[in-house]
Each structure stands twice: as structure tokens, then as C-alpha cells.
Number of protein chains: 2
Amino acid sequence: MRIGIIGYGNLGRGAEAAISHADDMELVAVFTRRDPETLKIRTESAEVCSFDSIADFAGKIDVMILCAGSATDLPEMTPEVASEFNVVDSFDTHARIPEHFADVDRACKAAGTTALISAGWDPGLFSIARVIGASVLPEGKDYTFWGRGVSQGHSDAVRRINGVLDARQYTNPVPEAMDRVRAGEDPELTTREKHTREVYVVAEDGADKALIEKEIKVMPNYFSDYDTTVTFITQEEMDRDHAGLPHGGSVIRSGRTGYDLEMHDTYEFKLDLDSNPMFTGSILVAYARAIKKMNDTGHTGCKTVLDIPPALLSPLSSEDLRAHML
Amino acid sequence: MRIGIIGYGNLGRGAEAAISHADDMELVAVFTRRDPETLKIRTESAEVCSFDSIADFAGKIDVMILCAGSATDLPEMTPEVASEFNVVDSFDTHARIPEHFADVDRACKAAGTTALISAGWDPGLFSIARVIGASVLPEGKDYTFWGRGVSQGHSDAVRRINGVLDARQYTNPVPEAMDRVRAGEDPELTTREKHTREVYVVAEDGADKALIEKEIKVMPNYFSDYDTTVTFITQEEMDRDHAGLPHGGSVIRSGRTGYDLEMHDTYEFKLDLDSNPMFTGSILVAYARAIKKMNDTGHTGCKTVLDIPPALLSPLSSEDLRAHML
């Protein structure tokens, strides 16, 4: 299976690493909008090419993995690339998924290609857990908790405050809230009751730390609805203790079965990740395998993780899966 | 969607209860090998019929849910019923799945029907977790822990001992073993290190309890490889404290990502069930929905849970799922 990667940030590197561990895949090229000469990748056998040259690879790449941003890049890029290649993207702006789906589906149908949008873990594996959970426990409630993990958007928001040199924000689930859900209390939880936010800040010399802390805690959308702790540290401490991008979370379906709904069940899917982009890259690669198989069997158009039979993600045959994994 | 249930033990009752909570489904009939006159079901609008009369329901039932035993019933029954109806079964003899699949697939292909075998939670939802986990974390190790839950096979084995009037066996996962797995130690665990067995026994008056306890603990396959505790209780205590059939467990994939596999991730799917048969019945009903949709779109033959796109389990449309559940 011949794979191309478009974009070489953290996610592109994650996809590259995952391909290096997949025996049935070969990374053909990494495409970049930067000067290809300036980009050094890990895979010696793969080329580094300009994004403008992707058309030259028609017929030489089975699936393109798009590792670009959801805000502005993917809405344009995925339909464009899908008009020539099978593609997988990680579009994660939940509210705009229907529109993105329609755009990509149109491109695929015209070209006879297959696309998978919104792969990753949320949207992605968490979506699968939500849909299966709600289907097998229709009488119930869904809860999604995130963390402990670094939110890059929140970290960026803190960095924009005057006097802040560097910042890292962790989202933490509230353990008591998760325990109440698992115990079948079906609580109505406010934003504040579900998660806390933990911020580490490197401030400029002489900055007003009390003012910075206040500005963080009152920031609407990002922090004002949460209990937030702010800790000032040195740049050395930041580099030493907060260089990683861990993340994770849980989807919990608390449901009831029995004729009179007298039985309680808890269904939980949980991830605990040292590196969010490495794991997300690995998911995109597994879905690239599925999309190649779907296209090979005549299933064209745009798909989401909800449309993919689990067997297609595996390098094993259906016979082997039935014999050993079922 | 018109559903039939074959067999009315605990699992058949679970399927009936689940259908009663599904707005898009109607229970048409329950089929039994007993005298239909002697069987009282909960659903007033449904018939109780003899298993021998199923052919009369051709065209009147969209999917038959088979709630019979894997040891002797399903190997015969599923191919037989699949030659006339779409079917879902919960065949759970892992080693014989390939053979059962072949038998059912042959019947389906000849009749143009669709079957799903081995639905439930293990095999079933746990199989999905294993396959997706291994696909997104190919460098890693799988662990399945069961419990705390009642094993009916082990309870039956104890009941066959001389002097035992009643028995209930709980399988418990060893918390320390699970913690080691979650921490990324990738331990090699023996049978004894993964689970303990907890047995409650009602003995005959005057029975030799020490001998019963010893007979349990040395029983090969069932108990000899486990740390087993045996507690003698009264029939009243048994009826009061051990009437339920709770179960559950966890599938954990401990894997590594990153070019040099420097990152550790834990992927976990966990169930905690008040009633094993009620939940399993609910799963069979969700898969009945999927199998009807597959047959409607021309997908005939035998399937397993690994072949079913998650979206098909839901009563929601693909559009609604994309807009609200992704």
C-alpha cells in the first residue's frame, strides 16, 4: 500500500512513524508547502516534494493522508486532493462536519475516489464508542471526559496574554464526576463539574503575575466556566516537565436494560496517551488501509469512521480475524 | 422492523426487553420447543409459537434472533433458520467459529439471506475493541480481563459435586495485574495472576464441607489454575445475595507509538453489567437492526461484528449521526 503524507507538523510525523511500523505500507512521499529542500524527514526511502507537485503522483500513491489544520486548510485541501487520490483527513470542527462531508463526497463521486474525513480519536474512536454505546444501551446517557491532556488551543490563548512568554494548559477530568457517572447516578453535570484546567506559565521578568492569573481565569469560553489553577514556572521547568503532548479521555455510556429498566450497565472507552499526535497519526494510517480496501471493492465517496467495518482496519484477513481475534 | 425470537431463556427475555425499548422494532413472535401453551411472555402483542411453525412466518419477520445454546443448538439451528430468514446468533465457542461461519454462510448464500453470528460482548463488543486496538496500536499487547461476574459454566460444575445443593461462582480480575497493564509494563501474566475465583456453596446438611472445598479447588480446567475461595452459605443467603447475573470485563491494548516506539498508550474498553443476559439481548437486537439494513442493501451471506459499520447499529440516519454523534 503506497502512502503519501501532506503536511509535516506533529501529526504528519505521527503518520510517518506509524507507517514505518506497518509491514503492508510504504511511504512514497511527504508533501509540503514549505521549500522541500528545507524539510528533513525520518524515512530515507521517501521523497520530500512540493504540495504543488501532487498531480505528478497520480497512480503512484494509493492513499494520501492529510495532516493539515481544520480551521482553514482541510476545507479546501481535502476536496481538492480527493479529486485525484483516495484521502484520509482528521477534520475536527464538529459543527462543520456535514458541510465538509458534502464537499468531499462531491469530489470523490466525480473522481471515483474514496475519502475518510474526521479520523482520529475525537472525532473518531470516541465517535464509534458513542454510537455503539447508544445503540446497545438506547436507554441511557452519554458522557465524554477529556484528559489529563494538553490542549494546544488553550495553551495558545494563554500565550497571547501580555507578559506571558510560554504557557501549557492541561485539561483534567474531575474524578468525582466520573465516579458518579460510573455508579449510575446519571448526573446533570455543568462544565465546571466535569473538568478543571491547570495552567503553567512562564512570565516575563517584572510582569504582574497577579494580573496575568486574573486575565487567564476570566477569559470567556476558554477558562471562565472552569476552576482553573495557574502556576508560574521558569522556562527551564517548562522545557523539562511540560515538553510532551499527552492526552486522553473517556466516553461513558450509562444505560439501563431489562423490561422495566431495572438493570444498570456502564460502558466505557478510555484512552491514556503519551503523545496525542503520534496516536492520532497511527489512527489515520489504520484508516488509510481501510479506505484503500473500500476503494478496491468499489466503495467510492466520502465516509466517516462510522461507515467502516472494523475488519478493514486490520492487516489481517477476515479469516484470520474470525479465527484469532473474535 | 419485524423481529422473531427463538428460545425464551434468560437471553430470549433480554432480547424481548430490548425490543420493547426500540421504537423502530416490533416483536412478532417468540418461538419455543416447549409447548407454546405453557409459555408466558411479557409482550402482549406478540404470539408464542412452536419452533416447528417458523416456516409459516416467511415474509412476516425481517430478522430472527436466536437465543439458544452454542454447544448443541446453534450449530444446527442457525444454518437451518438462515435458509429462510435473516438471523442473529450469539455463538460463543471461539474455537468453532470458522466452521459455524462456513455452515451459516452457505445457507445464506443459497437463500439470499444475511446472518450475523457471535454477537454479544465476548465474542462481540470485546472483539471489536481487540481488532481496532490492535489496528491503531500495532506495536503492543492485548489483555482481556473478565469480571466481576457470574460464570454459569463454573457454577454448574460446582453444583455437580456430591453434597452441593446450590452454587454460584464469580470470576474476579486481579486489580494489581490490571494496574501493571495500564502502567505499560506489558507483563506476561499467568492464568493465576489474571483472575481469582470466588465460590458460594449451599451444602447438604451433614455434608463434608472440607471435602467439597477441596474438590472444588483441585478441579482441572475450572479451578485448579486459580486462587479460589470457597464460602459456605445458606440457601436463604444464596437467594438473597446471589440471585443476579452480573458480569463485565475489560479489553486493554497496551501499545507504543513514535518512530522509536518511545511513547506508550493505553486503550481500554470496559463493561460493568448488572445483568449479562439483558445486556447481551440488547446487543443482539442492535445487530438485528444492522443485519436488516445490510440485507436491504444487497449484502447477503454470513457476517460477524467485525464486518458491520457502526452506523448500521443505530436507529439514526447517517446524516444525523454525522451531525450529532461524530
# chains A, B, ... in the order shown; residues from 1 in each chain; ligands from 1
$ interface_residues --of "chain A" --to "chain B" --cutoff "7 Å" --atoms "only C-alpha atoms" --output "PyMOL selection string"
chain A and resi 14+17-18+97-98+123+127-128+130-132+135-136+257-259+263-275+278-279+282-283+286+306-311+313-314+322-323+325-326
$ write_last_selection --atoms "N, CA and C atoms" --output "compact mmCIF listing (two decimals), in the first residue's frame"
# COMPACT_ATOMS: atom_id res chain seq x y z
N GLY A 14 3.62 11.88 13.17
CA GLY A 14 2.95 10.72 13.77
C GLY A 14 2.55 9.71 12.71
N ALA A 17 5.69 7.92 11.47
CA ALA A 17 6.16 6.91 12.43
C ALA A 17 5.28 5.66 12.33
N ALA A 18 3.97 5.84 12.22
CA ALA A 18 3.06 4.68 12.16
C ALA A 18 3.29 3.87 10.89
N ILE A 97 -18.79 19.48 10.16
CA ILE A 97 -18.60 18.16 9.53
C ILE A 97 -19.60 17.91 8.39
N PRO A 98 -20.91 18.20 8.55
CA PRO A 98 -21.84 17.92 7.45
C PRO A 98 -21.46 18.65 6.15
N PRO A 123 -13.12 13.85 16.97
CA PRO A 123 -13.94 12.75 16.42
C PRO A 123 -13.09 11.56 15.98
N SER A 127 -16.20 8.65 18.68
CA SER A 127 -17.49 8.65 17.98
C SER A 127 -18.02 7.23 17.85
N ILE A 128 -17.12 6.30 17.52
CA ILE A 128 -17.53 4.89 17.43
C ILE A 128 -18.07 4.42 18.77
N ARG A 130 -19.38 6.24 21.12
CA ARG A 130 -20.68 6.87 21.38
C ARG A 130 -21.80 6.18 20.60
N VAL A 131 -21.56 5.87 19.34
CA VAL A 131 -22.63 5.30 18.50
C VAL A 131 -22.93 3.86 18.91
N ILE A 132 -21.91 3.05 19.15
CA ILE A 132 -22.18 1.67 19.58
C ILE A 132 -22.81 1.69 20.98
N SER A 135 -26.37 2.57 20.81
CA SER A 135 -27.15 1.56 20.09
C SER A 135 -27.43 0.34 20.96
N VAL A 136 -26.46 -0.05 21.79
CA VAL A 136 -26.67 -1.25 22.62
C VAL A 136 -27.29 -0.88 23.97
N THR A 257 -31.04 -1.62 31.19
CA THR A 257 -31.66 -2.70 30.43
C THR A 257 -32.70 -3.38 31.31
N GLY A 258 -33.40 -4.33 30.71
CA GLY A 258 -34.47 -5.04 31.41
C GLY A 258 -35.80 -4.45 31.01
N TYR A 259 -36.82 -5.28 31.10
CA TYR A 259 -38.14 -4.85 30.67
C TYR A 259 -38.56 -3.57 31.40
N MET A 263 -32.08 -2.80 35.39
CA MET A 263 -30.65 -3.14 35.44
C MET A 263 -29.82 -1.95 34.95
N HIS A 264 -28.70 -1.70 35.62
CA HIS A 264 -27.81 -0.63 35.19
C HIS A 264 -26.52 -1.20 34.61
N ASP A 265 -26.08 -0.61 33.50
CA ASP A 265 -24.83 -1.03 32.88
C ASP A 265 -23.95 0.19 32.61
N THR A 266 -22.67 0.00 32.76
CA THR A 266 -21.71 1.05 32.38
C THR A 266 -20.82 0.52 31.26
N TYR A 267 -20.75 1.32 30.21
CA TYR A 267 -19.97 1.01 29.00
C TYR A 267 -18.95 2.11 28.89
N GLU A 268 -17.68 1.77 28.89
CA GLU A 268 -16.66 2.83 28.91
C GLU A 268 -15.53 2.55 27.93
N PHE A 269 -15.17 3.58 27.19
CA PHE A 269 -14.00 3.50 26.32
C PHE A 269 -13.02 4.57 26.77
N LYS A 270 -11.79 4.18 27.00
CA LYS A 270 -10.83 5.06 27.67
C LYS A 270 -9.49 5.03 26.95
N LEU A 271 -8.93 6.21 26.77
CA LEU A 271 -7.60 6.32 26.18
C LEU A 271 -6.69 7.09 27.12
N ASP A 272 -5.45 6.65 27.20
CA ASP A 272 -4.44 7.34 28.01
C ASP A 272 -3.17 7.37 27.15
N LEU A 273 -2.85 8.54 26.61
CA LEU A 273 -1.88 8.65 25.53
C LEU A 273 -0.68 9.49 25.93
N ASP A 274 0.51 8.94 25.74
CA ASP A 274 1.72 9.74 25.96
C ASP A 274 1.83 10.86 24.93
N SER A 275 1.41 10.56 23.71
CA SER A 275 1.53 11.57 22.65
C SER A 275 0.27 11.57 21.79
N MET A 278 1.13 11.44 17.89
CA MET A 278 1.63 10.12 17.44
C MET A 278 0.48 9.12 17.36
N PHE A 279 -0.39 9.13 18.36
CA PHE A 279 -1.52 8.19 18.35
C PHE A 279 -2.49 8.56 17.23
N SER A 282 -1.28 7.40 14.01
CA SER A 282 -1.41 5.95 13.88
C SER A 282 -2.85 5.57 13.49
N ILE A 283 -3.82 6.31 14.02
CA ILE A 283 -5.22 6.06 13.63
C ILE A 283 -5.42 6.38 12.15
N ALA A 286 -4.20 3.53 10.03
CA ALA A 286 -5.11 2.36 10.01
C ALA A 286 -6.30 2.64 9.10
N LEU A 306 -17.76 5.94 11.16
CA LEU A 306 -18.98 5.19 11.44
C LEU A 306 -19.39 4.28 10.29
N ASP A 307 -18.79 4.51 9.11
CA ASP A 307 -19.12 3.72 7.92
C ASP A 307 -18.15 2.58 7.67
N ILE A 308 -17.15 2.43 8.52
CA ILE A 308 -16.06 1.49 8.24
C ILE A 308 -16.19 0.24 9.12
N PRO A 309 -16.36 -0.94 8.49
CA PRO A 309 -16.34 -2.18 9.27
C PRO A 309 -14.98 -2.34 9.95
N PRO A 310 -14.96 -2.68 11.25
CA PRO A 310 -13.69 -2.79 11.97
C PRO A 310 -12.65 -3.68 11.28
N ALA A 311 -13.11 -4.74 10.62
CA ALA A 311 -12.17 -5.68 9.99
C ALA A 311 -11.24 -4.99 8.99
N LEU A 313 -9.74 -2.24 9.13
CA LEU A 313 -8.61 -1.52 9.73
C LEU A 313 -7.39 -2.41 9.90
N SER A 314 -7.62 -3.70 9.91
CA SER A 314 -6.56 -4.65 10.27
C SER A 314 -5.80 -5.12 9.04
N ARG A 322 -11.48 -13.84 12.18
CA ARG A 322 -12.51 -14.71 12.77
C ARG A 322 -11.87 -15.81 13.62
N ALA A 323 -10.77 -16.36 13.13
CA ALA A 323 -10.16 -17.48 13.84
C ALA A 323 -9.44 -17.04 15.11
N MET A 325 -9.22 -13.37 16.48
CA MET A 325 -9.50 -12.12 17.19
C MET A 325 -10.93 -12.01 17.68
N LEU A 326 -11.82 -12.86 17.12
CA LEU A 326 -13.22 -12.74 17.51
C LEU A 326 -13.39 -13.34 18.91
$ residues_around --residues "Ile41 (chain A)" --least-positions-apart "4" --cutoff "9 Å" --atoms "only C-alpha atoms" --output "list in words"
Tyr8, Arg13, Glu16, Val30, Ala46, Glu47 and Val48 of chain A
$ closest_residue --among "B:Thr114, B:Asn295, B:Thr72, B:Thr191" --to "Val88 (chain B)" --atoms "only C-alpha atoms"
B:Thr114
$ closest_residue --among "B:Arg240, B:Lys60, B:Lys217, B:Lys40" --to "Ala157 (chain B)" --atoms "only C-alpha atoms"
B:Lys217
$ residues_around --residues "region 205-215 of chain B" --least-positions-apart "4" --cutoff "10 Å" --atoms "only C-alpha atoms" --output "list in words"
Val158, Ile161, Asn162, Gly163, Val164, Leu165, Val199, Val201, Met219, Pro220, Phe223, Ser224, Thr228, Thr229, Val230, Thr231 and Phe232 of chain B
$ write_last_selection --atoms "C-alpha atoms" --output "CSV table (one decimal), in the first residue's frame"
chain,number,residue,atom,x,y,z
B,158,VAL,CA,-19.7,-26.9,41.4
B,161,ILE,CA,-20.2,-32.1,43.3
B,162,ASN,CA,-21.6,-34.6,45.8
B,163,GLY,CA,-23.3,-32.8,48.7
B,164,VAL,CA,-23.7,-29.5,46.9
B,165,LEU,CA,-27.3,-28.2,46.7
B,199,VAL,CA,-17.4,-19.6,45.0
B,201,VAL,CA,-21.9,-23.0,48.1
B,219,MET,CA,-11.0,-29.4,39.7
B,220,PRO,CA,-8.9,-29.3,36.5
B,223,PHE,CA,-10.4,-24.1,39.3
B,224,SER,CA,-7.0,-25.8,39.7
B,228,THR,CA,-10.2,-19.9,44.6
B,229,THR,CA,-12.1,-19.0,47.7
B,230,VAL,CA,-15.0,-21.1,48.8
B,231,THR,CA,-17.6,-19.8,51.2
B,232,PHE,CA,-20.5,-21.9,52.6
$ select_by_dssp --residues "region 102-176 of chain B" --states "helix (DSSP H, G or I)" --output "ChimeraX atom specification"
/B:102-111,125-136,152-159,175-176
$ atom_distance --atom1 "CA of Ile291 (chain B)" --atom2 "CA of Ala110 (chain B)"
16.9 Å
$ atom_distance --atom1 "CA of His100 (chain B)" --atom2 "CA of Ser70 (chain B)"
10.1 Å
$ residues_around --residues "Gly298 (chain B)" --least-positions-apart "4" --cutoff "9 Å" --atoms "only C-alpha atoms" --output "PDB file with N, CA and C atoms, in the first residue's frame"
ATOM      1  N   GLY B 112     -30.177 -16.122  -0.130  1.00  0.00           N
ATOM      2  CA  GLY B 112     -30.203 -14.661  -0.268  1.00  0.00           C
ATOM      3  C   GLY B 112     -30.477 -13.951   1.048  1.00  0.00           C
ATOM      4  N   THR B 114     -29.153 -12.788   5.150  1.00  0.00           N
ATOM      5  CA  THR B 114     -27.973 -12.254   5.820  1.00  0.00           C
ATOM      6  C   THR B 114     -27.980 -12.733   7.265  1.00  0.00           C
ATOM      7  N   LYS B 293     -30.656  -3.863   7.649  1.00  0.00           N
ATOM      8  CA  LYS B 293     -30.162  -2.838   6.713  1.00  0.00           C
ATOM      9  C   LYS B 293     -29.201  -3.446   5.694  1.00  0.00           C
ATOM     10  N   MET B 294     -28.348  -4.369   6.143  1.00  0.00           N
ATOM     11  CA  MET B 294     -27.412  -4.977   5.194  1.00  0.00           C
ATOM     12  C   MET B 294     -28.159  -5.793   4.157  1.00  0.00           C
TER      13      MET B 294
END
$ select_by_dssp --residues "region 132-169 of chain A" --states "strand (DSSP E)" --output "list in words"
Gly140, Lys141, Asp142, Tyr143, Thr144, Phe145, Trp146, Gly149, Val150, Val164, Leu165, Asp166, Ala167, Arg168 and Gln169 of chain A
$ residues_around --residues "Tyr170 (chain A)" --least-positions-apart "3" --cutoff "6 Å" --atoms "only C-alpha atoms" --output "mmCIF file with C-alpha atoms, in the first residue's frame"
data_model
loop_
_atom_site.group_PDB
_atom_site.id
_atom_site.type_symbol
_atom_site.label_atom_id
_atom_site.label_comp_id
_atom_site.auth_asym_id
_atom_site.auth_seq_id
_atom_site.Cartn_x
_atom_site.Cartn_y
_atom_site.Cartn_z
ATOM 1 C CA GLY A 149 -4.043 16.200 28.456
ATOM 2 C CA VAL A 150 -2.564 19.258 26.837
ATOM 3 C CA ARG A 197 -7.962 23.461 33.897
ATOM 4 C CA GLU A 198 -4.370 23.582 35.022
#
